[in-house]
>>> print(open('structure_33.cif').read())   # mmCIF, C-alpha atoms
data_structure
loop_
_atom_site.group_PDB
_atom_site.id
_atom_site.type_symbol
_atom_site.label_atom_id
_atom_site.label_comp_id
_atom_site.auth_asym_id
_atom_site.auth_seq_id
_atom_site.Cartn_x
_atom_site.Cartn_y
_atom_site.Cartn_z
ATOM 1 C CA MET A 5 -23.923 12.877 46.492
ATOM 2 C CA LYS A 6 -21.336 15.542 47.260
ATOM 3 C CA SER A 7 -19.107 13.097 49.115
ATOM 4 C CA GLY A 8 -19.345 10.718 46.140
ATOM 5 C CA LEU A 9 -18.117 13.429 43.766
ATOM 6 C CA ILE A 10 -15.255 14.294 46.097
ATOM 7 C CA LYS A 11 -14.280 10.636 46.322
ATOM 8 C CA ALA A 12 -14.415 10.257 42.537
ATOM 9 C CA TRP A 13 -12.293 13.389 42.076
ATOM 10 C CA ARG A 14 -9.660 12.124 44.514
ATOM 11 C CA GLU A 15 -9.586 8.789 42.746
ATOM 12 C CA TYR A 16 -9.372 10.095 39.197
ATOM 13 C CA ARG A 17 -7.779 13.541 39.566
ATOM 14 C CA GLY A 18 -4.404 12.300 38.344
ATOM 15 C CA PHE A 19 -5.950 11.036 35.120
ATOM 16 C CA ALA A 20 -8.063 14.200 34.748
ATOM 17 C CA LEU A 21 -5.018 16.444 35.168
ATOM 18 C CA PHE A 22 -3.125 14.339 32.626
ATOM 19 C CA ILE A 23 -5.913 14.787 30.071
ATOM 20 C CA ILE A 24 -6.084 18.549 30.715
ATOM 21 C CA LEU A 25 -2.308 18.946 30.360
ATOM 22 C CA MET A 26 -2.282 16.835 27.185
ATOM 23 C CA ILE A 27 -5.008 19.019 25.651
ATOM 24 C CA ILE A 28 -3.060 22.166 26.530
ATOM 25 C CA PHE A 29 0.153 20.670 25.136
ATOM 26 C CA ARG A 30 -1.437 19.631 21.844
ATOM 27 C CA SER A 31 -3.292 22.920 21.496
ATOM 28 C CA ALA A 32 -0.462 25.340 22.281
ATOM 29 C CA LEU A 33 2.882 23.527 21.919
ATOM 30 C CA ALA A 34 2.986 20.582 19.524
ATOM 31 C CA ASP A 35 0.683 18.113 17.816
ATOM 32 C CA TRP A 36 0.655 15.774 14.875
ATOM 33 C CA ASN A 37 -1.568 15.849 11.842
ATOM 34 C CA VAL A 38 -2.652 13.019 9.591
ATOM 35 C CA VAL A 39 -2.340 13.971 5.915
ATOM 36 C CA PRO A 40 -5.330 12.464 4.062
ATOM 37 C CA THR A 41 -4.719 13.819 0.532
ATOM 38 C CA GLY A 42 -1.921 14.036 -2.017
ATOM 39 C CA SER A 43 -1.884 17.830 -2.440
ATOM 40 C CA MET A 44 1.671 18.056 -1.027
ATOM 41 C CA LYS A 45 3.162 15.157 -2.999
ATOM 42 C CA PRO A 46 5.942 14.293 -3.490
ATOM 43 C CA THR A 47 7.063 15.977 -0.235
ATOM 44 C CA ILE A 48 4.229 14.607 1.918
ATOM 45 C CA LEU A 49 2.297 11.450 1.008
ATOM 46 C CA GLU A 50 -1.192 10.297 1.945
ATOM 47 C CA GLY A 51 -0.903 8.532 5.279
ATOM 48 C CA ASP A 52 2.027 10.566 6.601
ATOM 49 C CA ARG A 53 1.749 11.828 10.191
ATOM 50 C CA ILE A 54 3.553 15.149 10.405
ATOM 51 C CA LEU A 55 4.812 16.799 13.587
ATOM 52 C CA VAL A 56 3.311 20.282 13.974
ATOM 53 C CA ASN A 57 5.426 22.818 15.859
ATOM 54 C CA LYS A 58 2.854 25.233 17.277
ATOM 55 C CA LEU A 59 5.560 27.430 18.786
ATOM 56 C CA ALA A 60 7.153 28.102 15.407
ATOM 57 C CA TYR A 61 5.606 31.559 15.108
ATOM 58 C CA ASP A 62 3.480 32.326 18.167
ATOM 59 C CA LEU A 63 2.609 31.410 21.708
ATOM 60 C CA LYS A 64 -1.181 31.223 21.708
ATOM 61 C CA ILE A 65 -3.817 30.862 24.368
ATOM 62 C CA PRO A 66 -4.708 27.138 24.375
ATOM 63 C CA LEU A 67 -7.737 26.180 22.254
ATOM 64 C CA THR A 68 -7.774 29.620 20.583
ATOM 65 C CA HIS A 69 -6.037 31.484 17.754
ATOM 66 C CA ILE A 70 -5.176 34.390 20.071
ATOM 67 C CA SER A 71 -1.444 35.108 20.052
ATOM 68 C CA ILE A 72 0.073 36.360 23.297
ATOM 69 C CA TYR A 73 3.686 36.365 22.087
ATOM 70 C CA LYS A 74 5.088 36.428 18.556
ATOM 71 C CA PHE A 75 8.329 34.551 17.865
ATOM 72 C CA GLY A 76 8.483 35.382 14.164
ATOM 73 C CA ASP A 77 6.664 35.139 10.852
ATOM 74 C CA PRO A 78 6.457 32.366 8.258
ATOM 75 C CA LYS A 79 9.243 32.357 5.684
ATOM 76 C CA ARG A 80 9.035 31.572 2.015
ATOM 77 C CA GLY A 81 9.301 27.805 1.606
ATOM 78 C CA ASP A 82 7.898 26.939 5.046
ATOM 79 C CA ILE A 83 5.312 24.157 5.193
ATOM 80 C CA VAL A 84 2.525 25.631 7.313
ATOM 81 C CA ILE A 85 -0.595 24.209 8.918
ATOM 82 C CA PHE A 86 -3.572 26.529 9.106
ATOM 83 C CA ASP A 87 -7.252 26.441 10.040
ATOM 84 C CA SER A 88 -8.907 27.843 6.932
ATOM 85 C CA LYS A 89 -12.244 29.539 7.551
ATOM 86 C CA VAL A 90 -12.931 29.652 3.813
ATOM 87 C CA ALA A 91 -12.263 25.937 3.313
ATOM 88 C CA ASP A 92 -13.741 25.103 6.740
ATOM 89 C CA THR A 93 -10.935 22.648 7.449
ATOM 90 C CA ARG A 94 -7.280 22.393 8.478
ATOM 91 C CA LEU A 95 -4.858 22.487 5.541
ATOM 92 C CA VAL A 96 -1.160 21.857 4.952
ATOM 93 C CA LYS A 97 0.545 23.914 2.236
ATOM 94 C CA ARG A 98 3.840 25.625 1.385
ATOM 95 C CA VAL A 99 4.351 29.382 1.767
ATOM 96 C CA ILE A 100 5.215 30.886 -1.617
ATOM 97 C CA GLY A 101 4.281 34.567 -1.299
ATOM 98 C CA LEU A 102 4.978 36.800 1.714
ATOM 99 C CA PRO A 103 3.160 40.071 2.525
ATOM 100 C CA GLY A 104 4.118 42.620 -0.127
ATOM 101 C CA ASP A 105 5.342 40.030 -2.671
ATOM 102 C CA THR A 106 4.131 40.039 -6.258
ATOM 103 C CA VAL A 107 3.569 36.484 -7.492
ATOM 104 C CA GLU A 108 2.516 35.081 -10.838
ATOM 105 C CA MET A 109 2.468 31.689 -12.502
ATOM 106 C CA ARG A 110 2.530 30.815 -16.180
ATOM 107 C CA ASP A 111 2.067 27.152 -17.108
ATOM 108 C CA ASN A 112 3.183 26.106 -13.616
ATOM 109 C CA ARG A 113 6.322 28.266 -13.715
ATOM 110 C CA LEU A 114 6.563 30.719 -10.815
ATOM 111 C CA THR A 115 7.780 34.295 -10.837
ATOM 112 C CA ILE A 116 8.213 36.092 -7.497
ATOM 113 C CA ASN A 117 8.975 39.811 -7.438
ATOM 114 C CA GLY A 118 10.072 39.653 -11.067
ATOM 115 C CA ILE A 119 12.494 36.751 -10.526
ATOM 116 C CA GLU A 120 11.661 33.500 -12.304
ATOM 117 C CA ALA A 121 12.066 30.264 -10.351
ATOM 118 C CA ARG A 122 14.532 27.683 -11.665
ATOM 119 C CA TYR A 123 13.501 24.110 -12.467
ATOM 120 C CA SER A 124 16.027 21.269 -12.424
ATOM 121 C CA ASP A 125 16.378 17.478 -12.041
ATOM 122 C CA VAL A 126 13.271 16.846 -14.114
ATOM 123 C CA GLU A 127 11.995 13.259 -13.983
ATOM 124 C CA TYR A 128 9.056 11.605 -15.715
ATOM 125 C CA ALA A 129 6.653 8.893 -14.558
ATOM 126 C CA ALA A 130 3.637 7.326 -16.262
ATOM 127 C CA ASP A 131 1.211 10.112 -15.380
ATOM 128 C CA ALA A 132 3.374 12.738 -13.667
ATOM 129 C CA MET A 133 6.594 14.690 -13.899
ATOM 130 C CA PHE A 134 8.799 15.891 -11.057
ATOM 131 C CA ALA A 135 11.237 18.769 -10.720
ATOM 132 C CA ILE A 136 13.096 20.798 -8.112
ATOM 133 C CA GLU A 137 11.724 24.341 -7.949
ATOM 134 C CA SER A 138 14.207 26.898 -6.613
ATOM 135 C CA ASP A 139 14.618 30.613 -6.090
ATOM 136 C CA VAL A 140 16.921 32.678 -3.891
ATOM 137 C CA SER A 141 15.191 31.617 -0.648
ATOM 138 C CA MET A 142 13.698 28.152 -1.173
ATOM 139 C CA SER A 143 14.205 24.861 -2.949
ATOM 140 C CA HIS A 144 11.801 21.907 -2.970
ATOM 141 C CA ARG A 145 10.483 19.156 -5.194
ATOM 142 C CA ILE A 146 7.144 19.541 -6.984
ATOM 143 C CA GLU A 147 4.854 17.231 -8.922
ATOM 144 C CA LEU A 148 3.040 18.153 -12.140
ATOM 145 C CA ALA A 149 0.520 16.320 -14.291
ATOM 146 C CA ARG A 150 2.182 14.658 -17.283
ATOM 147 C CA ASN A 151 -0.655 15.590 -19.643
ATOM 148 C CA GLY A 152 -0.356 19.322 -19.062
ATOM 149 C CA GLY A 153 -1.336 21.903 -16.472
ATOM 150 C CA SER A 154 -4.768 22.354 -14.947
ATOM 151 C CA ARG A 155 -6.846 25.540 -15.073
ATOM 152 C CA LEU A 156 -4.919 26.605 -11.948
ATOM 153 C CA SER A 157 -1.517 26.474 -13.638
ATOM 154 C CA THR A 158 -1.655 30.146 -14.649
ATOM 155 C CA PHE A 159 -2.573 33.144 -12.478
ATOM 156 C CA GLY A 160 -1.583 36.690 -11.604
ATOM 157 C CA PRO A 161 0.396 38.711 -11.178
ATOM 158 C CA VAL A 162 -1.098 39.280 -7.724
ATOM 159 C CA LYS A 163 0.263 41.283 -4.792
ATOM 160 C CA VAL A 164 0.055 39.616 -1.376
ATOM 161 C CA PRO A 165 -1.696 41.948 1.113
ATOM 162 C CA LYS A 166 -0.419 42.869 4.564
ATOM 163 C CA ASP A 167 -0.758 40.058 7.131
ATOM 164 C CA ARG A 168 -1.652 37.576 4.384
ATOM 165 C CA TYR A 169 0.255 34.731 2.709
ATOM 166 C CA LEU A 170 0.034 32.990 -0.635
ATOM 167 C CA VAL A 171 0.343 29.214 -0.253
ATOM 168 C CA LEU A 172 0.527 26.413 -2.809
ATOM 169 C CA GLY A 173 0.609 22.641 -2.665
ATOM 170 C CA ASP A 174 3.707 20.906 -4.032
ATOM 171 C CA ASN A 175 1.375 18.769 -6.167
ATOM 172 C CA ARG A 176 0.592 21.767 -8.321
ATOM 173 C CA ASP A 177 -2.101 20.299 -10.560
ATOM 174 C CA ASN A 178 -3.921 18.614 -7.675
ATOM 175 C CA SER A 179 -4.080 21.120 -4.828
ATOM 176 C CA ALA A 180 -6.797 23.455 -3.540
ATOM 177 C CA ASP A 181 -4.726 26.298 -2.106
ATOM 178 C CA SER A 182 -4.528 30.095 -2.460
ATOM 179 C CA ARG A 183 -5.595 29.702 -6.082
ATOM 180 C CA VAL A 184 -8.950 28.441 -4.751
ATOM 181 C CA TYR A 185 -9.280 29.891 -1.229
ATOM 182 C CA GLY A 186 -7.384 33.145 -1.598
ATOM 183 C CA PHE A 187 -4.657 34.595 0.620
ATOM 184 C CA ILE A 188 -4.204 33.045 4.068
ATOM 185 C CA PRO A 189 -4.634 35.356 7.088
ATOM 186 C CA ARG A 190 -1.650 35.329 9.453
ATOM 187 C CA GLU A 191 -3.864 34.517 12.465
ATOM 188 C CA GLU A 192 -5.111 31.273 10.848
ATOM 189 C CA ILE A 193 -1.618 29.763 10.782
ATOM 190 C CA VAL A 194 -1.265 27.178 13.556
ATOM 191 C CA GLY A 195 2.403 26.262 13.108
ATOM 192 C CA ASN A 196 4.829 24.615 10.735
ATOM 193 C CA ALA A 197 5.960 21.084 9.908
ATOM 194 C CA ARG A 198 9.528 19.902 9.360
ATOM 195 C CA THR A 199 9.314 16.208 10.254
ATOM 196 C CA ILE A 200 7.235 13.153 9.384
ATOM 197 C CA VAL A 201 6.694 11.171 12.588
ATOM 198 C CA LEU A 202 5.408 7.993 10.949
ATOM 199 C CA SER A 203 3.703 6.914 7.748
ATOM 200 C CA LEU A 204 1.122 4.287 6.745
ATOM 201 C CA ASP A 205 0.590 3.126 3.177
ATOM 202 C CA TYR A 206 -3.159 3.440 2.546
ATOM 203 C CA ASP A 207 -2.892 1.532 -0.743
ATOM 204 C CA HIS A 208 -1.254 -1.532 0.828
ATOM 205 C CA TYR A 209 -3.305 -2.411 3.917
ATOM 206 C CA TYR A 210 -1.842 0.428 6.007
ATOM 207 C CA ILE A 211 1.597 -1.155 6.066
ATOM 208 C CA PRO A 212 4.067 1.195 7.809
ATOM 209 C CA ARG A 213 6.495 3.016 5.503
ATOM 210 C CA VAL A 214 9.448 2.610 7.859
ATOM 211 C CA ASP A 215 11.769 4.566 5.572
ATOM 212 C CA ARG A 216 9.614 7.671 6.144
ATOM 213 C CA PHE A 217 9.627 7.487 9.965
ATOM 214 C CA PHE A 218 11.196 10.693 11.351
ATOM 215 C CA HIS A 219 11.933 11.832 7.802
ATOM 216 C CA ALA A 220 12.836 15.515 7.505
ATOM 217 C CA LEU A 221 10.686 17.651 5.222
#
>>> encode(input="structure_33.cif", output="structure tokens")
Amino acid sequence: MKSGLIKAWREYRGFALFIILMIIFRSALADWNVVPTGSMKPTILEGDRILVNKLAYDLKIPLTHISIYKFGDPKRGDIVIFDSKVADTRLVKRVIGLPGDTVEMRDNRLTINGIEARYSDVEYAADAMFAIESDVSMSHRIELARNGGSRLSTFGPVKVPKDRYLVLGDNRDNSADSRVYGFIPREEIVGNARTIVLSLDYDHYYIPRVDRFFHAL
């Protein structure tokens, strides 16, 4: 029996070591995430596979959330991936409020630390409108419902606590984010995303969206 195990180990140890190293790599260095919902539209679409940089903020012990070295903190405008205990799932959202910031929203118009965001390049579709939301430190495109804001379109002002972040989806009227789950603890943040690796169109038989391959976020 023992000799059989030794023989099996010798035969398959290369494959076993490969699997172990791959798990460590995906846990601590980089991974990709499938985006199943439209909460980050128009920036990220359903079916996008985003590259997650797990070294963006911390070096963590593999398979844990324990940080052993801190490279930096999330910045306003970063797209972060985090394991939400409250939502009991992994989420992808945009950082809007940093620790110490005061944030409020009135009819989907943001104010951060008393400075109102600017909205430009407004476009209309059948059931949605799009605009570029900008302040002194970020600029990105958002999507809003054409028929008016949801019950989440107004909140605050709220002050972001120490070691917490306020995150929102770019699809403002269709996103469960800090308005639902509260502030995000720093230790729950896994990494950030700046690139779409590949994309499949769920509505058209999973046809690849080649124009979104390696598309910068």
>>> residues_around(input="structure_33.cif", residues="Tyr185 (chain A)", least_positions_apart="4", cutoff="8 Å", atoms="only C-alpha atoms", output="list in words")
Val90, Ala91, Ala180 and Asp181 of chain A
>>> closest_residue(input="structure_33.cif", among="A:Asp131, A:Asp177, A:Asp35, A:Asp62", to="Thr199 (chain A)", atoms="all atoms listed in the file")
A:Asp35
>>> resolve_selection(input="structure_33.cif", expression="the PyMOL selection byres ((chain A and resi 61) around 8)", output="VMD selection string")
chain A and resid 58 to 60 62 to 63 74 to 78 195
>>> atom_distance(input="structure_33.cif", atom1="CA of Arg198 (chain A)", atom2="CA of Ala220 (chain A)")
5.8 Å
>>> residues_near_point(input="structure_33.cif", point="(1.8, 4.0, 7.9)", cutoff="10 Å", atoms="all atoms listed in the file", output="PyMOL selection string")
chain A and resi 50-53+201-206+208-214+216-217
>>> write_last_selection(input="structure_33.cif", atoms="C-alpha atoms", output="mmCIF file, in the frame of the given file")
data_model
loop_
_atom_site.group_PDB
_atom_site.id
_atom_site.type_symbol
_atom_site.label_atom_id
_atom_site.label_comp_id
_atom_site.auth_asym_id
_atom_site.auth_seq_id
_atom_site.Cartn_x
_atom_site.Cartn_y
_atom_site.Cartn_z
ATOM 1 C CA GLU A 50 -1.192 10.297 1.945
ATOM 2 C CA GLY A 51 -0.903 8.532 5.279
ATOM 3 C CA ASP A 52 2.027 10.566 6.601
ATOM 4 C CA ARG A 53 1.749 11.828 10.191
ATOM 5 C CA VAL A 201 6.694 11.171 12.588
ATOM 6 C CA LEU A 202 5.408 7.993 10.949
ATOM 7 C CA SER A 203 3.703 6.914 7.748
ATOM 8 C CA LEU A 204 1.122 4.287 6.745
ATOM 9 C CA ASP A 205 0.590 3.126 3.177
ATOM 10 C CA TYR A 206 -3.159 3.440 2.546
ATOM 11 C CA HIS A 208 -1.254 -1.532 0.828
ATOM 12 C CA TYR A 209 -3.305 -2.411 3.917
ATOM 13 C CA TYR A 210 -1.842 0.428 6.007
ATOM 14 C CA ILE A 211 1.597 -1.155 6.066
ATOM 15 C CA PRO A 212 4.067 1.195 7.809
ATOM 16 C CA ARG A 213 6.495 3.016 5.503
ATOM 17 C CA VAL A 214 9.448 2.610 7.859
ATOM 18 C CA ARG A 216 9.614 7.671 6.144
ATOM 19 C CA PHE A 217 9.627 7.487 9.965
#
>>> closest_residue(input="structure_33.cif", among="A:Thr158, A:Asn57, A:Asn151, A:Thr93", to="Ala129 (chain A)", atoms="only C-alpha atoms")
A:Asn151
>>> closest_atom_pairs(input="structure_33.cif", of="region 29-126 of chain A", to="region 152-157 of chain A", cutoff="7 Å", atoms="all atoms listed in the file", output="Markdown table")
| residue | atom | partner | partner_atom | distance |
| --- | --- | --- | --- | --- |
| A:Met109 | CA | A:Ser157 | CA | 6.7 |
| A:Arg110 | CA | A:Ser157 | CA | 6.5 |
| A:Asp111 | CA | A:Ser157 | CA | 5.0 |
| A:Asn112 | CA | A:Ser157 | CA | 4.7 |
>>> write_last_selection(input="structure_33.cif", atoms="C-alpha atoms", output="PDB file, in the coordinates of the input")
ATOM      1  CA  MET A 109       2.468  31.689 -12.502  1.00  0.00           C
ATOM      2  CA  ARG A 110       2.530  30.815 -16.180  1.00  0.00           C
ATOM      3  CA  ASP A 111       2.067  27.152 -17.108  1.00  0.00           C
ATOM      4  CA  ASN A 112       3.183  26.106 -13.616  1.00  0.00           C
TER       5      ASN A 112
END
>>> residues_near_point(input="structure_33.cif", point="(-10.3, 27.8, 17.3)", cutoff="12 Å", atoms="all atoms listed in the file", output="PyMOL selection string")
chain A and resi 31-32+64-71+86-89+92-94+191-194
>>> closest_residue(input="structure_33.cif", among="A:Arg183, A:Lys97, A:Val162, A:Tyr128", to="Thr47 (chain A)", atoms="all atoms listed in the file")
A:Lys97
>>> closest_residue(input="structure_33.cif", among="A:Met133, A:Glu127, A:Arg176, A:Asp207", to="Arg113 (chain A)", atoms="all atoms listed in the file")
A:Arg176
>>> atom_distance(input="structure_33.cif", atom1="CA of Asn178 (chain A)", atom2="CA of Lys166 (chain A)")
27.4 Å
>>> atom_distance(input="structure_33.cif", atom1="CA of Val99 (chain A)", atom2="CA of Gly118 (chain A)")
17.4 Å
>>> resolve_selection(input="structure_33.cif", expression="the PyMOL selection byres ((chain A and resi 145-147) around 9)", output="list of chain:residue names")
A:Met44, A:Lys45, A:Pro46, A:Thr47, A:Ala132, A:Met133, A:Phe134, A:Ala135, A:Ile136, A:Glu137, A:Ser138, A:Ser143, A:His144, A:Leu148, A:Ala149, A:Gly173, A:Asp174, A:Asn175, A:Arg176, A:Asp177, A:Asn178
>>> write_last_selection(input="structure_33.cif", atoms="C-alpha atoms", output="PDB file, in the coordinates of the input")
ATOM      1  CA  MET A  44       1.671  18.056  -1.027  1.00  0.00           C
ATOM      2  CA  LYS A  45       3.162  15.157  -2.999  1.00  0.00           C
ATOM      3  CA  PRO A  46       5.942  14.293  -3.490  1.00  0.00           C
ATOM      4  CA  THR A  47       7.063  15.977  -0.235  1.00  0.00           C
ATOM      5  CA  ALA A 132       3.374  12.738 -13.667  1.00  0.00           C
ATOM      6  CA  MET A 133       6.594  14.690 -13.899  1.00  0.00           C
ATOM      7  CA  PHE A 134       8.799  15.891 -11.057  1.00  0.00           C
ATOM      8  CA  ALA A 135      11.237  18.769 -10.720  1.00  0.00           C
ATOM      9  CA  ILE A 136      13.096  20.798  -8.112  1.00  0.00           C
ATOM     10  CA  GLU A 137      11.724  24.341  -7.949  1.00  0.00           C
ATOM     11  CA  SER A 138      14.207  26.898  -6.613  1.00  0.00           C
ATOM     12  CA  SER A 143      14.205  24.861  -2.949  1.00  0.00           C
ATOM     13  CA  HIS A 144      11.801  21.907  -2.970  1.00  0.00           C
ATOM     14  CA  LEU A 148       3.040  18.153 -12.140  1.00  0.00           C
ATOM     15  CA  ALA A 149       0.520  16.320 -14.291  1.00  0.00           C
ATOM     16  CA  GLY A 173       0.609  22.641  -2.665  1.00  0.00           C
ATOM     17  CA  ASP A 174       3.707  20.906  -4.032  1.00  0.00           C
ATOM     18  CA  ASN A 175       1.375  18.769  -6.167  1.00  0.00           C
ATOM     19  CA  ARG A 176       0.592  21.767  -8.321  1.00  0.00           C
ATOM     20  CA  ASP A 177      -2.101  20.299 -10.560  1.00  0.00           C
ATOM     21  CA  ASN A 178      -3.921  18.614  -7.675  1.00  0.00           C
TER      22      ASN A 178
END
>>> build_atoms(input="structure_33.cif", residues="region 151-178 of chain A", atoms="N, CA and C atoms", output="mmCIF file, in the frame of the given file")
data_model
loop_
_atom_site.group_PDB
_atom_site.id
_atom_site.type_symbol
_atom_site.label_atom_id
_atom_site.label_comp_id
_atom_site.auth_asym_id
_atom_site.auth_seq_id
_atom_site.Cartn_x
_atom_site.Cartn_y
_atom_site.Cartn_z
ATOM 1 N N ASN A 151 0.124 15.207 -18.461
ATOM 2 C CA ASN A 151 -0.655 15.590 -19.643
ATOM 3 C C ASN A 151 -0.926 17.092 -19.713
ATOM 4 N N GLY A 152 -0.186 17.874 -18.977
ATOM 5 C CA GLY A 152 -0.356 19.322 -19.062
ATOM 6 C C GLY A 152 -0.990 19.904 -17.820
ATOM 7 N N GLY A 153 -0.865 21.215 -17.662
ATOM 8 C CA GLY A 153 -1.336 21.903 -16.472
ATOM 9 C C GLY A 153 -2.849 21.988 -16.387
ATOM 10 N N SER A 154 -3.340 22.169 -15.175
ATOM 11 C CA SER A 154 -4.768 22.354 -14.947
ATOM 12 C C SER A 154 -5.131 23.811 -15.163
ATOM 13 N N ARG A 155 -6.404 24.142 -14.932
ATOM 14 C CA ARG A 155 -6.846 25.540 -15.073
ATOM 15 C C ARG A 155 -6.190 26.435 -14.030
ATOM 16 N N LEU A 156 -5.566 25.829 -12.997
ATOM 17 C CA LEU A 156 -4.919 26.605 -11.948
ATOM 18 C C LEU A 156 -3.442 26.851 -12.230
ATOM 19 N N SER A 157 -2.947 26.388 -13.371
ATOM 20 C CA SER A 157 -1.517 26.474 -13.638
ATOM 21 C C SER A 157 -1.052 27.859 -14.057
ATOM 22 N N THR A 158 -1.998 28.775 -14.281
ATOM 23 C CA THR A 158 -1.655 30.146 -14.649
ATOM 24 C C THR A 158 -2.494 31.111 -13.820
ATOM 25 N N PHE A 159 -1.843 32.091 -13.204
ATOM 26 C CA PHE A 159 -2.573 33.144 -12.478
ATOM 27 C C PHE A 159 -1.669 34.364 -12.311
ATOM 28 N N GLY A 160 -2.315 35.477 -11.962
ATOM 29 C CA GLY A 160 -1.583 36.690 -11.604
ATOM 30 C C GLY A 160 -1.095 37.493 -12.800
ATOM 31 N N PRO A 161 -0.246 38.478 -12.480
ATOM 32 C CA PRO A 161 0.396 38.711 -11.178
ATOM 33 C C PRO A 161 -0.574 39.235 -10.115
ATOM 34 N N VAL A 162 -0.323 38.809 -8.867
ATOM 35 C CA VAL A 162 -1.098 39.280 -7.724
ATOM 36 C C VAL A 162 -0.127 39.765 -6.657
ATOM 37 N N LYS A 163 -0.545 40.776 -5.902
ATOM 38 C CA LYS A 163 0.263 41.283 -4.792
ATOM 39 C C LYS A 163 -0.326 40.783 -3.484
ATOM 40 N N VAL A 164 0.513 40.190 -2.645
ATOM 41 C CA VAL A 164 0.055 39.616 -1.376
ATOM 42 C C VAL A 164 -0.180 40.757 -0.377
ATOM 43 N N PRO A 165 -1.390 40.859 0.179
ATOM 44 C CA PRO A 165 -1.696 41.948 1.113
ATOM 45 C C PRO A 165 -0.957 41.810 2.448
ATOM 46 N N LYS A 166 -1.008 42.867 3.225
ATOM 47 C CA LYS A 166 -0.419 42.869 4.564
ATOM 48 C C LYS A 166 -1.090 41.793 5.427
ATOM 49 N N ASP A 167 -0.280 41.101 6.211
ATOM 50 C CA ASP A 167 -0.758 40.058 7.131
ATOM 51 C C ASP A 167 -1.473 38.914 6.406
ATOM 52 N N ARG A 168 -1.120 38.695 5.154
ATOM 53 C CA ARG A 168 -1.652 37.576 4.384
ATOM 54 C C ARG A 168 -0.498 36.831 3.724
ATOM 55 N N TYR A 169 -0.761 35.569 3.354
ATOM 56 C CA TYR A 169 0.255 34.731 2.709
ATOM 57 C C TYR A 169 -0.357 33.994 1.527
ATOM 58 N N LEU A 170 0.458 33.798 0.497
ATOM 59 C CA LEU A 170 0.034 32.990 -0.635
ATOM 60 C C LEU A 170 0.680 31.621 -0.480
ATOM 61 N N VAL A 171 -0.152 30.575 -0.449
ATOM 62 C CA VAL A 171 0.343 29.214 -0.253
ATOM 63 C C VAL A 171 -0.059 28.343 -1.431
ATOM 64 N N LEU A 172 0.798 27.368 -1.745
ATOM 65 C CA LEU A 172 0.527 26.413 -2.809
ATOM 66 C C LEU A 172 0.870 25.012 -2.324
ATOM 67 N N GLY A 173 0.224 24.020 -2.909
ATOM 68 C CA GLY A 173 0.609 22.641 -2.665
ATOM 69 C C GLY A 173 1.746 22.257 -3.592
ATOM 70 N N ASP A 174 2.612 21.348 -3.169
ATOM 71 C CA ASP A 174 3.707 20.906 -4.032
ATOM 72 C C ASP A 174 3.194 20.085 -5.209
ATOM 73 N N ASN A 175 2.020 19.484 -5.069
ATOM 74 C CA ASN A 175 1.375 18.769 -6.167
ATOM 75 C C ASN A 175 0.527 19.791 -6.929
ATOM 76 N N ARG A 176 1.169 20.541 -7.786
ATOM 77 C CA ARG A 176 0.592 21.767 -8.321
ATOM 78 C C ARG A 176 -0.713 21.590 -9.090
ATOM 79 N N ASP A 177 -0.879 20.496 -9.780
ATOM 80 C CA ASP A 177 -2.101 20.299 -10.560
ATOM 81 C C ASP A 177 -3.184 19.562 -9.779
ATOM 82 N N ASN A 178 -2.934 19.325 -8.496
ATOM 83 C CA ASN A 178 -3.921 18.614 -7.675
ATOM 84 C C ASN A 178 -3.909 19.171 -6.255
#
